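Containing PDB, C-alpha atoms: my_file_24.pdb.
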```pdb
ATOM      1  CA  MET A  80      18.638   8.392 -20.388
ATOM      2  CA  ILE A  81      16.530   5.274 -19.980
ATOM      3  CA  LYS A  82      18.352   1.997 -20.346
ATOM      4  CA  THR A  83      17.238  -1.597 -20.201
ATOM      5  CA  GLN A  84      19.362  -4.354 -18.730
ATOM      6  CA  SER A  85      17.974  -7.691 -19.809
ATOM      7  CA  GLU A  86      18.664 -11.361 -19.788
ATOM      8  CA  PRO A  87      17.176 -13.764 -22.364
ATOM      9  CA  GLN A  88      14.022 -15.427 -21.116
ATOM     10  CA  PRO A  89      11.190 -17.454 -22.576
ATOM     11  CA  GLU A  90       8.542 -15.032 -23.862
ATOM     12  CA  GLY A  91       5.785 -16.055 -21.445
ATOM     13  CA  GLU A  92       7.977 -15.694 -18.351
ATOM     14  CA  ARG A  93       9.411 -12.219 -18.804
ATOM     15  CA  LYS A  94       9.007  -9.926 -15.789
ATOM     16  CA  ILE A  95       9.986  -6.276 -16.078
ATOM     17  CA  ILE A  96      10.944  -4.075 -13.170
ATOM     18  CA  LEU A  97      11.747  -0.381 -13.115
ATOM     19  CA  LEU A  98      14.628   0.703 -10.898
ATOM     20  CA  LEU A  99      14.067   4.356 -10.057
ATOM     21  CA  GLU A 100      17.254   5.752  -8.484
ATOM     22  CA  ASP A 101      18.833   9.135  -9.181
ATOM     23  CA  HIS A 102      22.431   8.326  -8.196
ATOM     24  CA  GLU A 103      23.951   6.768 -11.328
ATOM     25  CA  PRO A 104      26.871   4.837  -9.736
ATOM     26  CA  TYR A 105      24.622   3.326  -7.080
ATOM     27  CA  ARG A 106      21.935   2.501  -9.658
ATOM     28  CA  GLN A 107      24.509   0.589 -11.716
ATOM     29  CA  LEU A 108      25.671  -1.296  -8.614
ATOM     30  CA  VAL A 109      22.077  -2.274  -7.781
ATOM     31  CA  ILE A 110      21.508  -3.495 -11.347
ATOM     32  CA  MET A 111      24.645  -5.639 -11.282
ATOM     33  CA  ALA A 112      23.678  -7.138  -7.919
ATOM     34  CA  LEU A 113      20.088  -7.824  -8.958
ATOM     35  CA  LYS A 114      21.196  -9.472 -12.192
ATOM     36  CA  PHE A 115      23.468 -11.725 -10.149
ATOM     37  CA  HIS A 116      20.997 -12.547  -7.368
ATOM     38  CA  LEU A 117      17.921 -12.890  -9.576
ATOM     39  CA  LYS A 118      19.805 -14.989 -12.149
ATOM     40  CA  GLY A 119      18.102 -13.469 -15.182
ATOM     41  CA  GLU A 120      14.565 -13.822 -13.819
ATOM     42  CA  VAL A 121      13.778 -10.188 -14.696
ATOM     43  CA  ASP A 122      14.482  -7.453 -17.180
ATOM     44  CA  ILE A 123      15.534  -4.255 -15.445
ATOM     45  CA  VAL A 124      14.607  -0.875 -16.864
ATOM     46  CA  GLU A 125      16.244   2.063 -15.173
ATOM     47  CA  ALA A 126      15.267   5.678 -14.706
ATOM     48  CA  ALA A 127      16.950   8.527 -12.852
ATOM     49  CA  GLY A 128      13.847  10.552 -12.077
ATOM     50  CA  ILE A 129      10.096  11.054 -12.227
ATOM     51  CA  GLN A 130      10.049  12.286 -15.844
ATOM     52  CA  GLU A 131      11.994   9.271 -17.073
ATOM     53  CA  ALA A 132       9.821   6.950 -15.001
ATOM     54  CA  ASN A 133       6.669   8.422 -16.540
ATOM     55  CA  SER A 134       8.128   7.808 -19.991
ATOM     56  CA  VAL A 135       8.824   4.168 -19.091
ATOM     57  CA  LEU A 136       5.303   3.746 -17.684
ATOM     58  CA  GLN A 137       3.833   4.981 -20.959
ATOM     59  CA  ARG A 138       5.946   2.615 -23.059
ATOM     60  CA  LEU A 139       6.127  -0.622 -21.088
ATOM     61  CA  ARG A 140       3.896  -2.901 -19.066
ATOM     62  CA  LEU A 141       5.855  -3.267 -15.843
ATOM     63  CA  ASN A 142       5.469  -5.866 -13.121
ATOM     64  CA  LEU A 143       7.175  -3.933 -10.326
ATOM     65  CA  VAL A 144       8.820  -0.612  -9.494
ATOM     66  CA  VAL A 145      11.733  -0.414  -7.062
ATOM     67  CA  ALA A 146      12.119   3.237  -6.134
ATOM     68  CA  ASP A 147      14.033   5.618  -3.957
ATOM     69  CA  VAL A 148      11.757   7.982  -2.019
ATOM     70  CA  MET A 149      13.389  11.314  -2.898
ATOM     71  CA  LEU A 150      14.648  11.967  -6.403
ATOM     72  CA  MET A 151      16.239  15.006  -8.017
ATOM     73  CA  ASP A 152      13.043  15.958  -9.856
ATOM     74  CA  GLY A 153      10.463  14.995  -7.241
ATOM     75  CA  THR A 154       9.307  12.297  -4.865
ATOM     76  CA  ILE A 155       7.890   8.858  -5.404
ATOM     77  CA  SER A 156       4.593  10.082  -3.958
ATOM     78  CA  GLU A 157       4.204  12.347  -7.012
ATOM     79  CA  LEU A 158       4.620   9.354  -9.286
ATOM     80  CA  LEU A 159       2.254   7.222  -7.207
ATOM     81  CA  LYS A 160      -0.522   9.792  -7.655
ATOM     82  CA  ASP A 161      -0.347   9.274 -11.413
ATOM     83  CA  ALA A 162      -3.247   7.395 -13.000
ATOM     84  CA  GLN A 163      -0.773   4.896 -14.490
ATOM     85  CA  PHE A 164      -0.699   3.166 -11.115
ATOM     86  CA  ASP A 165      -4.414   2.371 -11.148
ATOM     87  CA  ASN A 166      -3.618  -0.835 -13.030
ATOM     88  CA  GLY A 167      -2.286  -2.563  -9.903
ATOM     89  CA  LEU A 168       1.406  -1.920 -10.456
ATOM     90  CA  LYS A 169       3.328  -2.770  -7.271
ATOM     91  CA  VAL A 170       6.087  -0.672  -5.700
ATOM     92  CA  ILE A 171       8.919  -1.508  -3.318
ATOM     93  CA  LEU A 172      10.511   1.536  -1.685
ATOM     94  CA  PHE A 173      14.294   1.237  -1.357
ATOM     95  CA  SER A 174      15.787   4.217   0.402
ATOM     96  CA  ASN A 175      18.240   5.620   2.935
ATOM     97  CA  HIS A 176      15.539   7.945   4.213
ATOM     98  CA  SER A 177      14.106   7.518   7.668
ATOM     99  CA  GLN A 178      11.749   4.699   8.511
ATOM    100  CA  GLU A 179       9.123   7.346   9.322
ATOM    101  CA  THR A 180       9.366   8.752   5.798
ATOM    102  CA  MET A 181       9.147   5.318   4.235
ATOM    103  CA  ARG A 182       6.296   4.239   6.519
ATOM    104  CA  ALA A 183       4.357   7.331   5.475
ATOM    105  CA  MET A 184       4.884   6.327   1.839
ATOM    106  CA  CYS A 185       3.935   2.715   2.569
ATOM    107  CA  HIS A 186       0.355   3.808   3.224
ATOM    108  CA  SER A 187      -0.139   4.072  -0.536
ATOM    109  CA  LYS A 188      -2.040   1.069  -1.878
ATOM    110  CA  GLN A 189       0.628   0.511  -4.535
ATOM    111  CA  VAL A 190       3.512   0.226  -2.068
ATOM    112  CA  ILE A 191       3.798  -3.400  -1.039
ATOM    113  CA  ASP A 192       7.067  -3.188   0.875
ATOM    114  CA  CYS A 193       9.755  -0.831   2.164
ATOM    115  CA  ILE A 194      13.405  -1.683   2.632
ATOM    116  CA  SER A 195      16.326   0.371   3.843
ATOM    117  CA  LYS A 196      19.385   0.421   1.624
ATOM    118  CA  GLU A 197      21.321  -0.560   4.744
ATOM    119  CA  GLU A 198      19.565  -3.949   4.672
ATOM    120  CA  GLY A 199      21.448  -4.723   1.481
ATOM    121  CA  LEU A 200      20.950  -5.890  -2.049
ATOM    122  CA  VAL A 201      20.439  -9.568  -1.227
ATOM    123  CA  ALA A 202      17.449  -8.590   0.923
ATOM    124  CA  LEU A 203      16.158  -6.418  -1.922
ATOM    125  CA  ALA A 204      16.496  -9.298  -4.395
ATOM    126  CA  LEU A 205      14.522 -11.570  -2.064
ATOM    127  CA  LYS A 206      11.748  -8.993  -1.729
ATOM    128  CA  ILE A 207      11.607  -8.582  -5.505
ATOM    129  CA  ARG A 208      11.416 -12.342  -6.049
ATOM    130  CA  HIS A 209       8.608 -12.581  -3.492
ATOM    131  CA  ALA A 210       6.710  -9.652  -5.039
ATOM    132  CA  LEU A 211       6.843 -11.180  -8.520
ATOM    133  CA  LYS A 212       5.365 -14.553  -7.508
TER     134      LYS A 212
END
```
Will you turn the file into structure tokens for me?
Amino acid sequence: MIKTQSEPQPEGERKIILLLEDHEPYRQLVIMALKFHLKGEVDIVEAAGIQEANSVLQRLRLNLVVADVMLMDGTISELLKDAQFDNGLKVILFSNHSQETMRAMCHSKQVIDCISKEEGLVALALKIRHALK
């Protein structure tokens, strides 16, 4: 199920990010933390896998994707190969996987940053804020 967590914003300032994470409890924790740390600067759309993410990409014009590397129905590299990303959509990888795995993914032109989940949600919020400037 795709859900949107949003805060009211002036129409011209709305930024939309997709949080792509397959572990529901952790995804909800990340959303709560980002809403707190980003103080309503973004709308957050969530997806649990590649199929849901593709559906979101077809429906919405996103500003940023924050994605785990390995998902239950595939990998972020499969999604990055999709033509939807030719429009300059940026990606931040947020994963517990090895730095080698994330570095390999960071070679994609869409991936602008990689962050380990161990670095924390405040660090993720800062990277998101920087990416959306």
Checklist entry - By how many Å are atom CA of Leu211 of chain A and atom CA of Ala112 of chain A apart? => result 17.3 Å
Next on the checklist: Which residues, named as in the file, does the PyMOL selection byres ((chain A and resi 180) around 12) pick out? Answer as a PyMOL selection string.
Outcome noted: chain A and resi 147-149+154-156+172-179+181-186+193-195
Checklist entry - Looking at A:Ala210, A:Ile95, A:Asp152, A:Tyr105, which one is nearest to Glu120 of chain A, with distances taken over all atoms listed in the file? => result A:Ile95
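A straight line drawn from atom CA of Leu97 of chain A to atom CA of Gln189 of chain A is 14.1 Å long.
Across A:Leu139, A:Leu205, A:Lys196, A:Gly119, the tightest approach to Glu100 of chain A is made by A:Lys196 when counting only C-alpha atoms.
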Item to check | Chain and number of each residue from the PyMOL selection byres ((chain A and resi 143) around 9), as a list in words | outcome: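 In the shown coordinates, the PyMOL selection byres ((chain A and resi 143) around 9) covers Lys94, Ile95, Ile96, Leu97, Leu98, Leu141, Asn142, Val144, Val145, Leu168, Lys169, Val170, Ile171, Ile207, Ala210 and Leu211 of chain A.
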Checklist entry - Interatomic distance between atom CA of Met111 of chain A and atom CA of Ala146 of chain A? => result 16.2 Å
At the level of C-alpha atoms, write segment 122-206 of chain A to a file as a short mmCIF file (atom, residue, chain, number, x, y, z; two decimals), in the first residue's frame, please.
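The file below, part21.cif, is the result:
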```cif
data_model
loop_
_atom_site.label_atom_id
_atom_site.label_comp_id
_atom_site.auth_asym_id
_atom_site.auth_seq_id
_atom_site.Cartn_x
_atom_site.Cartn_y
_atom_site.Cartn_z
CA ASP A 122 5.68 15.62 1.60
CA ILE A 123 6.74 12.01 2.07
CA VAL A 124 5.35 9.27 -0.13
CA GLU A 125 6.23 5.77 0.94
CA ALA A 126 6.63 2.50 -0.90
CA ALA A 127 7.66 -0.95 0.28
CA GLY A 128 9.10 -2.21 -2.99
CA ILE A 129 9.99 -1.70 -6.63
CA GLN A 130 6.44 -2.26 -7.94
CA GLU A 131 4.98 0.32 -5.57
CA ALA A 132 7.79 2.74 -6.38
CA ASN A 133 7.09 2.40 -10.10
CA SER A 134 3.44 3.19 -9.43
CA VAL A 135 4.42 6.32 -7.50
CA LEU A 136 6.81 7.40 -10.28
CA GLN A 137 4.00 7.15 -12.81
CA ARG A 138 1.60 9.20 -10.69
CA LEU A 139 3.72 11.91 -9.09
CA ARG A 140 6.49 14.32 -9.98
CA LEU A 141 9.04 13.62 -7.26
CA ASN A 142 11.98 15.74 -6.18
CA LEU A 143 13.99 13.00 -4.47
CA VAL A 144 14.01 9.28 -3.72
CA VAL A 145 15.48 7.93 -0.48
CA ALA A 146 15.93 4.20 -0.96
CA ASP A 147 17.24 1.08 0.65
CA VAL A 148 19.53 -0.91 -1.66
CA MET A 149 17.92 -4.35 -1.35
CA LEU A 150 14.16 -4.71 -1.25
CA MET A 151 11.89 -7.74 -1.07
CA ASP A 152 10.97 -7.52 -4.76
CA GLY A 153 14.28 -6.38 -6.21
CA THR A 154 17.13 -3.91 -5.89
CA ILE A 155 17.33 -0.18 -6.33
CA SER A 156 19.54 -0.74 -9.37
CA GLU A 157 16.53 -2.29 -11.15
CA LEU A 158 14.51 0.83 -10.46
CA LEU A 159 17.36 3.12 -11.50
CA LYS A 160 17.50 1.46 -14.93
CA ASP A 161 13.91 2.54 -15.55
CA ALA A 162 13.39 5.34 -18.07
CA GLN A 163 11.49 7.33 -15.43
CA PHE A 164 14.85 8.39 -14.01
CA ASP A 165 15.95 10.11 -17.22
CA ASN A 166 14.21 13.27 -16.01
CA GLY A 167 16.97 14.05 -13.50
CA LEU A 168 15.33 12.58 -10.42
CA LYS A 169 17.90 12.37 -7.60
CA VAL A 170 18.42 9.40 -5.28
CA ILE A 171 19.96 9.07 -1.83
CA LEU A 172 20.79 5.49 -0.84
CA PHE A 173 20.04 4.75 2.82
CA SER A 174 21.03 1.24 3.77
CA ASN A 175 22.61 -1.15 6.25
CA HIS A 176 24.40 -2.88 3.40
CA SER A 177 28.14 -2.69 3.06
CA GLN A 178 29.87 0.46 1.92
CA GLU A 179 31.16 -1.52 -1.08
CA THR A 180 27.60 -2.33 -2.15
CA MET A 181 26.48 1.25 -1.73
CA ARG A 182 29.57 2.63 -3.48
CA ALA A 183 28.85 0.36 -6.43
CA MET A 184 25.32 1.79 -6.56
CA CYS A 185 26.62 5.35 -6.20
CA HIS A 186 28.17 5.12 -9.66
CA SER A 187 24.70 5.62 -11.13
CA LYS A 188 24.23 9.19 -12.34
CA GLN A 189 20.98 9.48 -10.37
CA VAL A 190 22.54 8.60 -7.01
CA ILE A 191 23.77 11.81 -5.43
CA ASP A 192 24.64 10.45 -2.00
CA CYS A 193 24.89 7.30 0.11
CA ILE A 194 24.37 7.09 3.85
CA SER A 195 24.50 4.19 6.25
CA LYS A 196 21.50 3.72 8.50
CA GLU A 197 24.02 3.64 11.35
CA GLU A 198 24.75 7.33 10.71
CA GLY A 199 21.24 8.11 11.88
CA LEU A 200 18.12 9.94 10.88
CA VAL A 201 19.38 13.44 11.69
CA ALA A 202 22.20 12.91 9.18
CA LEU A 203 19.66 11.65 6.64
CA ALA A 204 17.46 14.72 7.18
CA LEU A 205 20.46 17.00 6.60
CA LYS A 206 21.34 15.21 3.37
#
```
